[in-house]
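Notes for the one structure printed next.
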Number of protein chains: 2
Amino acid sequence: MVVATQSLEKLCINSIRFLAIDAVEKAKSGHPGLPMGAAPMAFVLWDQFLRFNPKNPKWFNRDRFVLSAGHGCMLHYALLHLTGYDSVSIEDIKQFRQWGSHTPGHPENFETDGIEVTTGPLGQGIANGVGLALAEAHLAAKFNKPDCTLVDHYTYVILGDGCNMEGVSGEAASIAGHWGLGKLIALYDDNHISIDGSTDVAFTEDVSQRFESYGWHVLHVEDGNDDLGAIASAIAEAKKVTDKPSMIKVTTTIGYGSPNKANTAGVHGAALGADEVKLTRENLDWNYDPFVLPEDAVSHLHKAIERGAGYEAEWNATWAQYKSKYPTEAAEFERITSGKLPDGWHSVLPTYTPEDAALPSRKHSEKCLNLLAPVLPELIGGSADLTHSNLTELKISGDFQKGQYENRNVHFGVREHAMGAICNGMALHGSGLIPYGATFLIFSDYMRAPIRLSALSLAGAVWVMTHDSIGQGEDGPTHQPIETLASLRAIPNLTVIRPADGTETSGAYKVAVEFSKQHNPTLLALSRQNLPNLAGTSIEGVEKGGYVINDCDGTPDIILIGTGSEVSLCVKAAEALTAEGKKVRVVSMPSTDLFDAQDAAYRESVLPKAVTKRLSVEAASSFGWHKYVGTEGDTVSIDRFGASAPGGVVLEKFGFSVENVLAKAKALLG
Amino acid sequence: MVVATQSLEKLCINSIRFLAIDAVEKAKSGHPGLPMGAAPMAFVLWDQFLRFNPKNPKWFNRDRFVLSAGHGCMLHYALLHLTGYDSVSIEDIKQFRQWGSHTPGHPENFETDGIEVTTGPLGQGIANGVGLALAEAHLAAKFNKPDCTLVDHYTYVILGDGCNMEGVSGEAASIAGHWGLGKLIALYDDNHISIDGSTDVAFTEDVSQRFESYGWHVLHVEDGNDDLGAIASAIAEAKKVTDKPSMIKVTTTIGYGSPNKANTAGVHGAALGADEVKLTRENLDWNYDPFVLPEDAVSHLHKAIERGAGYEAEWNATWAQYKSKYPTEAAEFERITSGKLPDGWHSVLPTYTPEDAALPSRKHSEKCLNLLAPVLPELIGGSADLTHSNLTELKISGDFQKGQYENRNVHFGVREHAMGAICNGMALHGSGLIPYGATFLIFSDYMRAPIRLSALSLAGAVWVMTHDSIGQGEDGPTHQPIETLASLRAIPNLTVIRPADGTETSGAYKVAVEFSKQHNPTLLALSRQNLPNLAGTSIEGVEKGGYVINDCDGTPDIILIGTGSEVSLCVKAAEALTAEGKKVRVVSMPSTDLFDAQDAAYRESVLPKAVTKRLSVEAASSFGWHKYVGTEGDTVSIDRFGASAPGGVVLEKFGFSVENVLAKAKALLG
């Protein structure tokens, strides 16, 4: 029974609101973030601006939509349902936040078609949005032709006060302004409420002025609750400014429509409760039963299906034209966006022999990146202001800058956190890009949230982390990782690789690139200092995570297990022990993650249960190594913070020497 | 041989510059950050404004000075040396960045008297500065009397472009502006160069406008190289504005004085080299040999010794007056600032029996905080916008807000990273405050850098982390810690405690408070969900990290090791196994860190080598548990990301049930 006084727009907006209210009420618990204030802006955006195809959620040239304020995810689920996506049925909405549903408590791209990125940890979404917009700008600059616009979409982000308080959003907004990403449009749901109550308790800065300082185009919709025309005008105006990202501050009332809870934190962190839901229905003239939608609203919003088919058909026509006019570029576009790797791509990766010059693995990494760059034009990334320490510059490319979006060297500035989230956005653009982000290993701490999210949300980023131990040297303990490797290895679905030499660095890149295409991230831990090239290392060995590089006849008396820069210590210690008549096996273990993924028989073949005298050697915490050395084994490790001195001195002082490895091995041998 | 044309000021400034140049040249390597552009502002600040006593570096009412751009640490060492601190001799400067020296590669408060906080990871220092200014404002509001100003000092920070790019500095600046911390004065060394080159490559925002948007008082010194008068005027003006923090942008030339390397990144990341040092000496008319200082400069800067003695004497007179007029407050001030705890303080911590109501450990934490609040007036802190989820409000206090600095409930906003660094600043104020910062355990990822720095720099913060497992529930995998406990346990000198019930939560607070006074941080992992109170748990047990709460006669067949919410599963499984005739020991292991610190005999008494059938039960990653369960043991753990559903369902589905613990135990028993 449609209330006569309710316009079609209101009907649609209230459909969104009540789908959320009813879902949250049914789920009853948690921190649902009712999107009652954000519904009008979202409706206007989806109804009038957002280009998408509900029946082909991955249609390439779709506008991207990110709900950075992820706790309001029912907003997104409601829109997906109402516009005709198959991924969110009314049953799914009734199963909001329940086991096995497609409607989890925050938006998860890997659970629900139509969700672009995984948000919830605040500030990530807007920074992902910068990555999505970067990907669009790059591909457009690379592939578009004056007579053929293949890549052309906007990235829209709704973010809230919480997102704006987080430093990562500031980092991302600053660099987006620097890059002038004009097709990034952020709608800031300015509702003055966060979980602790009014934003007056902790957030009184002038957000608009701040975005202006970043070089954004800033607009304000004063009445985001009712003035749909103003919202539409603002978005239209934002679209027109193409040399700056736009931020539209949309002032709204949180919990709009709830007579007693609107404009309070009560509506942020809990369901309304049956009584208040009833009052809200009355207040908003909503006479529909829970989960029942007015036909007029559904049929209006379902027009997105036809629109979407039209957008796709139009683009397909462009694509057909492009293929015929520009077959070379079209083939490249098709190959990259299909997620396939070129045949034989990894044949460029070098292998080394012990006669080759000792180099730091970061230097080998530089070689790999530069050998891969011509073969993999989708490789794009850079460093958080440590380009010439991380050695991540692609020499065949210029810098990605405003108006030079075709370039592939990205300067993120000293913004590790945003770098992580931007790389995730690039990966989740779904266009086959292989983004990489680099810093010192210790500063992975600054970007731990996006590293974790890359693993959770299947963003195939490559994290290039150099200066991977106390061998970092003079910068001292603030810059020297100790627990960092352990803390990263513990992250599910993140593959950490610490190569021992040039060949293993090539192996690490082989894995990282393949994993990227399979939507899994990889983290490389690379040395500052020179590493000798070892006999027995191999790309195939790296792929297995741990393997024998130096063996004895029969059952070993002891197994030395090394990683990265410490494998060579194991090799030398093994030589000395062998000379003394001991039977020694050396295992190089560049990746415990990959090793754990091998079958039991392989693992037993490398680390036989019968051999209990095992010594791990890694210039890092012992944390986690007992899984491999067992209760009878020992570790050469460092379980305290480091010290400032030349790297070789620091390593020596803390026991990373052949002498100490020998001493510990002999102690084990008894 | 003093050059006649060189003013005393220039002589002093060049003394700073050449101490740095010579030290860096001697050290030859790394990333030293020559402070040639920052030397004038630092000289003016130290010479005309900074109140300190070189001969008593910890004199309470000193102004605090933080070099947030920590890579320029030779600036600080030079100033310490030149103003008469005993902590940095000329020999120390010659040992810059060498093993065992007091002049490490970044400023470390625990290495060098006169350094207030540990900087280097960019952005931390300015955020620490907010914490130092908060501490001052709080203590001033609490203790000062109209006729007796006991606490009254400024906090000065020098920060660079890198600091300003990092999100944490934005978070901290925003909340500092909100709080109106007028005695915080930041000098921004605006030199347009970061490691990657000109800031044009990644940093073109309007920093001054941004600070204005935060509510700061913003000034600009256009010629920071030569216009010492303008620097002094700006600082004087900043001091006058007492209701807003001040940011003075000081435009300088990096590497000032070096004919070929000034204004290039070359001077940021490497020593000048002998030739360029020679040219720089010529260019700056500097005829002194390396490490030789002009007497005029030394004698001028050494006047700080006399000034410092005067400041201290003046303050001592105030203190004497205060003691006589306000003996009660004076006694409290003395007790708190001495770092001592009141006698019997921990008697307020409750213990429980199984008959007491099951409550979440976050609720027990709330009780502890509120029982401790009256006994420990130095307890001050709050949450990053999750006050009513973390349950961290002190009910006897109002909110710390502008003009209400005497209050102890700090609303950090959704700014975990800044919260961490601000708490570190409060701890390192050296006034005996016990700062605590709270968020969901998963969001420790956002503040991992300051958590690590609390452990490294001996900042006795208490990190209150709730929603400590997949029991978090509906919010889903973005909000559910898996690897988080392991990753935190791996940090040296951080004590992680995950209490099993009310009594263990009291034990956790006993440890945390004592450790805070010993300058060590503690992290508490607390449940969202109810936990039954268990027989056998104790405060003393928590202090040992791991202890037997339920035993059998003779040698156990199996040991069940639980932490936090999973200990009760172990207890129930043990009952069932015992009923079947098995000999079972249950170990509660709230803190592997504390357990590892016990002697071998104690550890053997809890986990005898002879008992190899051991099962750990923790709703988190298995990473790290093999150290305790050994190669023959097993874990009930979760090594994948979680899922969105009610917490009880998620726990059950992932095997955290008595049934599954029993099944795994029986499999071990064979």
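Identifiers in this document derive from the order of the structure tokens: chains are assigned A, B, ..., residues are numbered from 1 separately in each chain, and ligands are numbered from 1 in order of occurrence.
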I want to know what sits within 12 Å of Val218 (chain B), based on only C-alpha atoms, with residues of the same chain fewer than 4 positions away left out; could you give that as a short mmCIF file (atom, residue, chain, number, x, y, z; two decimals) with all heavy atoms, in the first residue's frame?
data_model
loop_
_atom_site.label_atom_id
_atom_site.label_comp_id
_atom_site.auth_asym_id
_atom_site.auth_seq_id
_atom_site.Cartn_x
_atom_site.Cartn_y
_atom_site.Cartn_z
N GLY B 177 44.84 19.99 17.98
CA GLY B 177 44.07 21.19 17.69
C GLY B 177 42.74 21.18 18.43
O GLY B 177 42.31 22.19 19.00
N GLY B 182 47.97 24.61 23.82
CA GLY B 182 48.66 25.85 23.44
C GLY B 182 50.15 25.85 23.71
O GLY B 182 50.87 26.68 23.16
N ILE B 185 54.49 23.60 20.50
CA ILE B 185 54.97 24.44 19.39
C ILE B 185 55.82 23.59 18.45
O ILE B 185 56.85 23.04 18.85
CB ILE B 185 55.79 25.64 19.93
CG1 ILE B 185 54.87 26.51 20.80
CG2 ILE B 185 56.39 26.44 18.78
CD1 ILE B 185 55.57 27.70 21.45
N ALA B 186 55.34 23.46 17.22
CA ALA B 186 56.04 22.64 16.24
C ALA B 186 56.73 23.52 15.22
O ALA B 186 56.12 24.45 14.69
CB ALA B 186 55.04 21.71 15.54
N LEU B 187 57.99 23.25 14.99
CA LEU B 187 58.73 23.95 13.93
C LEU B 187 58.88 22.98 12.76
O LEU B 187 59.51 21.92 12.90
CB LEU B 187 60.11 24.40 14.44
CG LEU B 187 60.05 25.49 15.51
CD1 LEU B 187 60.23 24.90 16.89
CD2 LEU B 187 61.11 26.56 15.26
N TYR B 188 58.28 23.35 11.67
CA TYR B 188 58.29 22.48 10.48
C TYR B 188 59.43 22.91 9.58
O TYR B 188 59.44 23.99 9.02
CB TYR B 188 56.93 22.59 9.79
CG TYR B 188 56.86 22.12 8.35
CD1 TYR B 188 57.61 21.04 7.90
CD2 TYR B 188 56.00 22.74 7.46
CE1 TYR B 188 57.53 20.61 6.58
CE2 TYR B 188 55.90 22.32 6.13
CZ TYR B 188 56.68 21.26 5.70
OH TYR B 188 56.59 20.84 4.38
N ASP B 206 49.17 21.96 0.74
CA ASP B 206 49.45 23.18 1.50
C ASP B 206 49.43 22.83 2.99
O ASP B 206 48.36 22.77 3.62
CB ASP B 206 48.37 24.22 1.16
CG ASP B 206 48.63 25.56 1.84
OD1 ASP B 206 49.29 25.59 2.90
OD2 ASP B 206 48.14 26.58 1.31
N VAL B 207 50.61 22.58 3.53
CA VAL B 207 50.70 22.09 4.92
C VAL B 207 50.15 23.12 5.90
O VAL B 207 49.46 22.77 6.86
CB VAL B 207 52.16 21.72 5.26
CG1 VAL B 207 52.28 21.30 6.72
CG2 VAL B 207 52.67 20.61 4.35
N SER B 208 50.45 24.38 5.65
CA SER B 208 49.97 25.41 6.59
C SER B 208 48.45 25.44 6.62
O SER B 208 47.84 25.50 7.70
CB SER B 208 50.50 26.79 6.16
OG SER B 208 51.90 26.83 6.30
N GLN B 209 47.84 25.37 5.45
CA GLN B 209 46.38 25.38 5.41
C GLN B 209 45.83 24.16 6.15
O GLN B 209 44.82 24.23 6.86
CB GLN B 209 45.90 25.38 3.95
CG GLN B 209 44.39 25.56 3.83
CD GLN B 209 43.90 25.47 2.39
OE1 GLN B 209 44.64 25.06 1.49
NE2 GLN B 209 42.66 25.85 2.16
N ARG B 210 46.50 23.04 5.98
CA ARG B 210 46.04 21.83 6.67
C ARG B 210 46.08 22.02 8.18
O ARG B 210 45.13 21.69 8.89
CB ARG B 210 46.89 20.63 6.25
CG ARG B 210 46.50 19.36 6.98
CD ARG B 210 46.89 18.10 6.22
NE ARG B 210 48.33 17.94 6.03
CZ ARG B 210 49.15 17.38 6.94
NH1 ARG B 210 48.68 16.95 8.10
NH2 ARG B 210 50.44 17.25 6.67
N PHE B 211 47.18 22.57 8.69
CA PHE B 211 47.25 22.79 10.14
C PHE B 211 46.20 23.81 10.60
O PHE B 211 45.65 23.68 11.69
CB PHE B 211 48.67 23.18 10.57
CG PHE B 211 49.55 21.99 10.82
CD1 PHE B 211 50.12 21.28 9.77
CD2 PHE B 211 49.78 21.54 12.12
CE1 PHE B 211 50.92 20.16 10.01
CE2 PHE B 211 50.58 20.42 12.37
CZ PHE B 211 51.15 19.73 11.31
N GLU B 212 45.93 24.79 9.74
CA GLU B 212 44.84 25.72 10.09
C GLU B 212 43.52 24.97 10.20
O GLU B 212 42.71 25.24 11.09
CB GLU B 212 44.74 26.83 9.04
CG GLU B 212 45.72 27.96 9.31
CD GLU B 212 45.88 28.90 8.11
OE1 GLU B 212 45.08 28.81 7.15
OE2 GLU B 212 46.84 29.69 8.14
N SER B 213 43.32 24.02 9.31
CA SER B 213 42.05 23.27 9.35
C SER B 213 41.91 22.47 10.64
O SER B 213 40.82 22.18 11.09
CB SER B 213 41.93 22.34 8.13
OG SER B 213 42.68 21.14 8.32
N TYR B 214 43.05 22.12 11.24
CA TYR B 214 43.03 21.41 12.52
C TYR B 214 42.82 22.35 13.70
O TYR B 214 42.77 21.91 14.85
CB TYR B 214 44.37 20.69 12.77
CG TYR B 214 44.75 19.60 11.80
CD1 TYR B 214 46.07 19.51 11.35
CD2 TYR B 214 43.85 18.64 11.37
CE1 TYR B 214 46.48 18.50 10.49
CE2 TYR B 214 44.24 17.63 10.50
CZ TYR B 214 45.56 17.56 10.06
OH TYR B 214 45.95 16.55 9.22
N ALA B 234 58.84 34.48 15.68
CA ALA B 234 57.77 33.50 15.48
C ALA B 234 57.58 32.64 16.72
O ALA B 234 56.45 32.39 17.16
CB ALA B 234 58.09 32.63 14.27
N ILE B 235 58.69 32.20 17.31
CA ILE B 235 58.56 31.38 18.52
C ILE B 235 57.92 32.21 19.64
O ILE B 235 57.03 31.72 20.35
CB ILE B 235 59.92 30.80 18.96
CG1 ILE B 235 60.49 29.89 17.87
CG2 ILE B 235 59.77 30.02 20.27
CD1 ILE B 235 61.91 29.38 18.15
N GLU B 237 55.90 34.67 19.32
CA GLU B 237 54.47 34.84 19.00
C GLU B 237 53.70 33.55 19.29
O GLU B 237 52.59 33.58 19.82
CB GLU B 237 54.33 35.23 17.52
CG GLU B 237 53.05 35.98 17.21
CD GLU B 237 52.90 36.28 15.72
OE1 GLU B 237 53.92 36.64 15.08
OE2 GLU B 237 51.78 36.14 15.20
N ALA B 238 54.32 32.44 18.95
CA ALA B 238 53.66 31.14 19.20
C ALA B 238 53.42 30.93 20.69
O ALA B 238 52.37 30.44 21.11
CB ALA B 238 54.54 30.01 18.65
N LYS B 239 54.39 31.35 21.50
CA LYS B 239 54.25 31.18 22.95
C LYS B 239 53.07 31.99 23.49
O LYS B 239 52.44 31.60 24.48
CB LYS B 239 55.54 31.60 23.67
CG LYS B 239 56.67 30.59 23.50
CD LYS B 239 57.91 30.99 24.29
CE LYS B 239 57.68 30.86 25.80
NZ LYS B 239 58.92 31.15 26.56
N VAL B 241 50.21 32.60 22.05
CA VAL B 241 48.89 32.02 21.77
C VAL B 241 48.76 30.75 22.59
O VAL B 241 49.37 29.73 22.27
CB VAL B 241 48.73 31.72 20.26
CG1 VAL B 241 47.42 30.99 19.99
CG2 VAL B 241 48.78 33.03 19.47
N LYS B 244 45.80 27.48 21.45
CA LYS B 244 45.96 26.66 20.24
C LYS B 244 47.41 26.22 20.15
O LYS B 244 48.31 27.00 20.44
CB LYS B 244 45.71 27.49 18.97
CG LYS B 244 44.30 27.93 18.72
CD LYS B 244 44.30 28.82 17.47
CE LYS B 244 42.87 29.13 17.05
NZ LYS B 244 42.85 29.79 15.73
N PRO B 245 47.64 25.01 19.68
CA PRO B 245 49.03 24.66 19.38
C PRO B 245 49.50 25.50 18.19
O PRO B 245 48.69 25.95 17.38
CB PRO B 245 48.96 23.18 19.00
CG PRO B 245 47.54 22.89 18.69
CD PRO B 245 46.69 23.92 19.38
N SER B 246 50.79 25.71 18.11
CA SER B 246 51.34 26.53 17.03
C SER B 246 52.22 25.70 16.11
O SER B 246 52.99 24.85 16.57
CB SER B 246 52.19 27.67 17.60
OG SER B 246 51.38 28.60 18.28
N MET B 247 52.10 25.98 14.83
CA MET B 247 52.98 25.36 13.84
C MET B 247 53.68 26.49 13.11
O MET B 247 53.04 27.34 12.51
CB MET B 247 52.19 24.50 12.87
CG MET B 247 53.04 23.58 11.99
SD MET B 247 53.77 24.39 10.56
CE MET B 247 52.44 24.21 9.37
N ILE B 248 55.00 26.49 13.22
CA ILE B 248 55.80 27.50 12.52
C ILE B 248 56.47 26.83 11.32
O ILE B 248 57.34 25.96 11.49
CB ILE B 248 56.89 28.09 13.45
CG1 ILE B 248 56.26 28.59 14.75
CG2 ILE B 248 57.65 29.20 12.72
CD1 ILE B 248 57.28 29.01 15.81
N LYS B 249 56.03 27.19 10.17
CA LYS B 249 56.70 26.67 8.97
C LYS B 249 57.97 27.48 8.77
O LYS B 249 57.92 28.72 8.64
CB LYS B 249 55.78 26.79 7.76
CG LYS B 249 56.41 26.32 6.47
CD LYS B 249 55.37 26.08 5.38
CE LYS B 249 55.48 27.09 4.26
NZ LYS B 249 54.70 26.70 3.08
N VAL B 250 59.10 26.83 8.80
CA VAL B 250 60.38 27.50 8.65
C VAL B 250 61.00 27.02 7.34
O VAL B 250 61.42 25.86 7.23
CB VAL B 250 61.32 27.20 9.83
CG1 VAL B 250 62.60 28.03 9.73
CG2 VAL B 250 60.62 27.47 11.17
#
query = Leaving out Gln98 (chain A) and any residue of its chain fewer than 4 positions from it, which residues lie within 10 Å of it when counting only C-alpha atoms, given as a count of residues only?
reply = 17
ask   = Of the candidates A:Pro354, A:Pro40, A:Gly546, A:Pro481, which shows the shortest atom-to-atom distance to chain B, using only C-alpha atoms?
value =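 For chain B, the nearest of the candidates is A:Pro481.
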Strand (DSSP E or B) positions in region 462-505 of chain B, given as number ranges by chain = B: 462-466, 495-497
Selection file, N, CA, C and O atoms, as a short mmCIF file (atom, residue, chain, number, x, y, z; two decimals), in the first residue's frame:
data_model
loop_
_atom_site.label_atom_id
_atom_site.label_comp_id
_atom_site.auth_asym_id
_atom_site.auth_seq_id
_atom_site.Cartn_x
_atom_site.Cartn_y
_atom_site.Cartn_z
N VAL B 462 49.84 1.03 28.95
CA VAL B 462 49.01 -0.16 29.07
C VAL B 462 48.06 -0.16 27.87
O VAL B 462 47.29 0.78 27.67
N TRP B 463 48.18 -1.21 27.06
CA TRP B 463 47.35 -1.31 25.85
C TRP B 463 46.18 -2.24 26.16
O TRP B 463 46.39 -3.42 26.42
N VAL B 464 44.99 -1.67 26.15
CA VAL B 464 43.78 -2.43 26.53
C VAL B 464 43.05 -2.83 25.26
O VAL B 464 42.42 -2.00 24.60
N MET B 465 43.17 -4.10 24.90
CA MET B 465 42.66 -4.56 23.61
C MET B 465 41.51 -5.54 23.85
O MET B 465 41.72 -6.61 24.43
N THR B 466 40.34 -5.17 23.42
CA THR B 466 39.18 -6.04 23.64
C THR B 466 38.76 -6.72 22.34
O THR B 466 39.32 -6.45 21.28
N THR B 495 54.86 -7.28 27.12
CA THR B 495 54.21 -8.39 27.81
C THR B 495 52.75 -8.45 27.41
O THR B 495 52.00 -7.50 27.64
N VAL B 496 52.39 -9.55 26.76
CA VAL B 496 51.00 -9.75 26.34
C VAL B 496 50.32 -10.66 27.36
O VAL B 496 50.86 -11.71 27.71
N ILE B 497 49.16 -10.23 27.84
CA ILE B 497 48.43 -11.05 28.83
C ILE B 497 46.99 -11.24 28.35
O ILE B 497 46.30 -10.28 28.02
#
query = CA of Phe641 (chain A) and CA of His429 (chain B) are how many Å apart?
reply = 22.4 Å
inquiry  = Can you pull out every residue from region 451-521 of chain B that DSSP, working from the backbone, puts in alpha helix (DSSP H), and format the result as JSON, numbers by chain?
reply    = {"B": [451, 452, 453, 454, 455, 456, 484, 485, 486, 487, 488, 489, 502, 503, 504, 505, 506, 507, 508, 509, 510, 511, 512, 513, 514, 515, 516, 517]}
key: Pick from B:Lys583, B:Arg452, B:His81, B:His467, whichever lies nearest to Pro521 (chain B) using only C-alpha atoms   =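 Result for the nearest residue to Pro521 (chain B): B:Arg452.
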Who sits within 12 Å of Pro342 (chain A), only C-alpha atoms, same chain under 2 positions skipped, as a PyMOL selection string = chain A and resi 331-332+334-340+344-348+372+374-378+513-514+517
task = Check the smallest atom-to-atom distance from each of B:Gly162, B:Gly541, B:Trp319, B:Val201 to Trp179 (chain A) using only C-alpha atoms, then report the winner.
result =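 Of B:Gly162, B:Gly541, B:Trp319, B:Val201, the one nearest Trp179 (chain A) is B:Val201, counting only C-alpha atoms.
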ask   = Skipping near chain neighbours, those fewer than 4 positions away, what residues fall within 8 Å of Ala486 (chain B) using only C-alpha atoms, listed as a list in words?
value =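 Residues meeting the cut-off are Ser487 and Ala490 of chain A; Ala490, Ser621, Phe623 and Gly624 of chain B.
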query = To one decimal place, how far is CA of Ile434 (chain A) from CA of Leu379 (chain A) in Å?
reply =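 CA of Leu379 (chain A) lies at a distance of 4.7 Å from CA of Ile434 (chain A).
Neighbours of Glu111 (chain B) closer than or equal to 10 Å, with only C-alpha atoms counted and sequence neighbours fewer than 3 positions away skipped, come out as Ser87, Gly100, Ser101, His102, Thr103, Pro104, Pro107, Glu108, Gly114, Ile115, Thr118 and Ser457 of chain B.
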task = Determine the nearest neighbour of Ala620 (chain B) from the options A:Leu485, A:Phe65, A:Ile561, A:Pro492, counting only C-alpha atoms.
result =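 Among the listed residues, A:Pro492 lies closest to Ala620 (chain B).
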task = For region 128-138 of chain B, work out the shell of residues within 8 Å, counting only C-alpha atoms and skipping chain neighbours fewer than 4 positions away, then give it as a PyMOL selection string.
result = chain B and resi 64+66+117+124+142+151-157+172-173+176+181+183-184+405-407+421-426+428-429+433
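If you count only C-alpha atoms and ignore residues fewer than 4 places along the chain from Lys582 (chain A), what sits within 8 Å of it is Asp557, Leu577 and Thr578 of chain A.
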request  = Provide the CA of Gly647 (chain A) to CA of Glu659 (chain A) distance in Å, to one decimal place.
outcome  = 17.3 Å
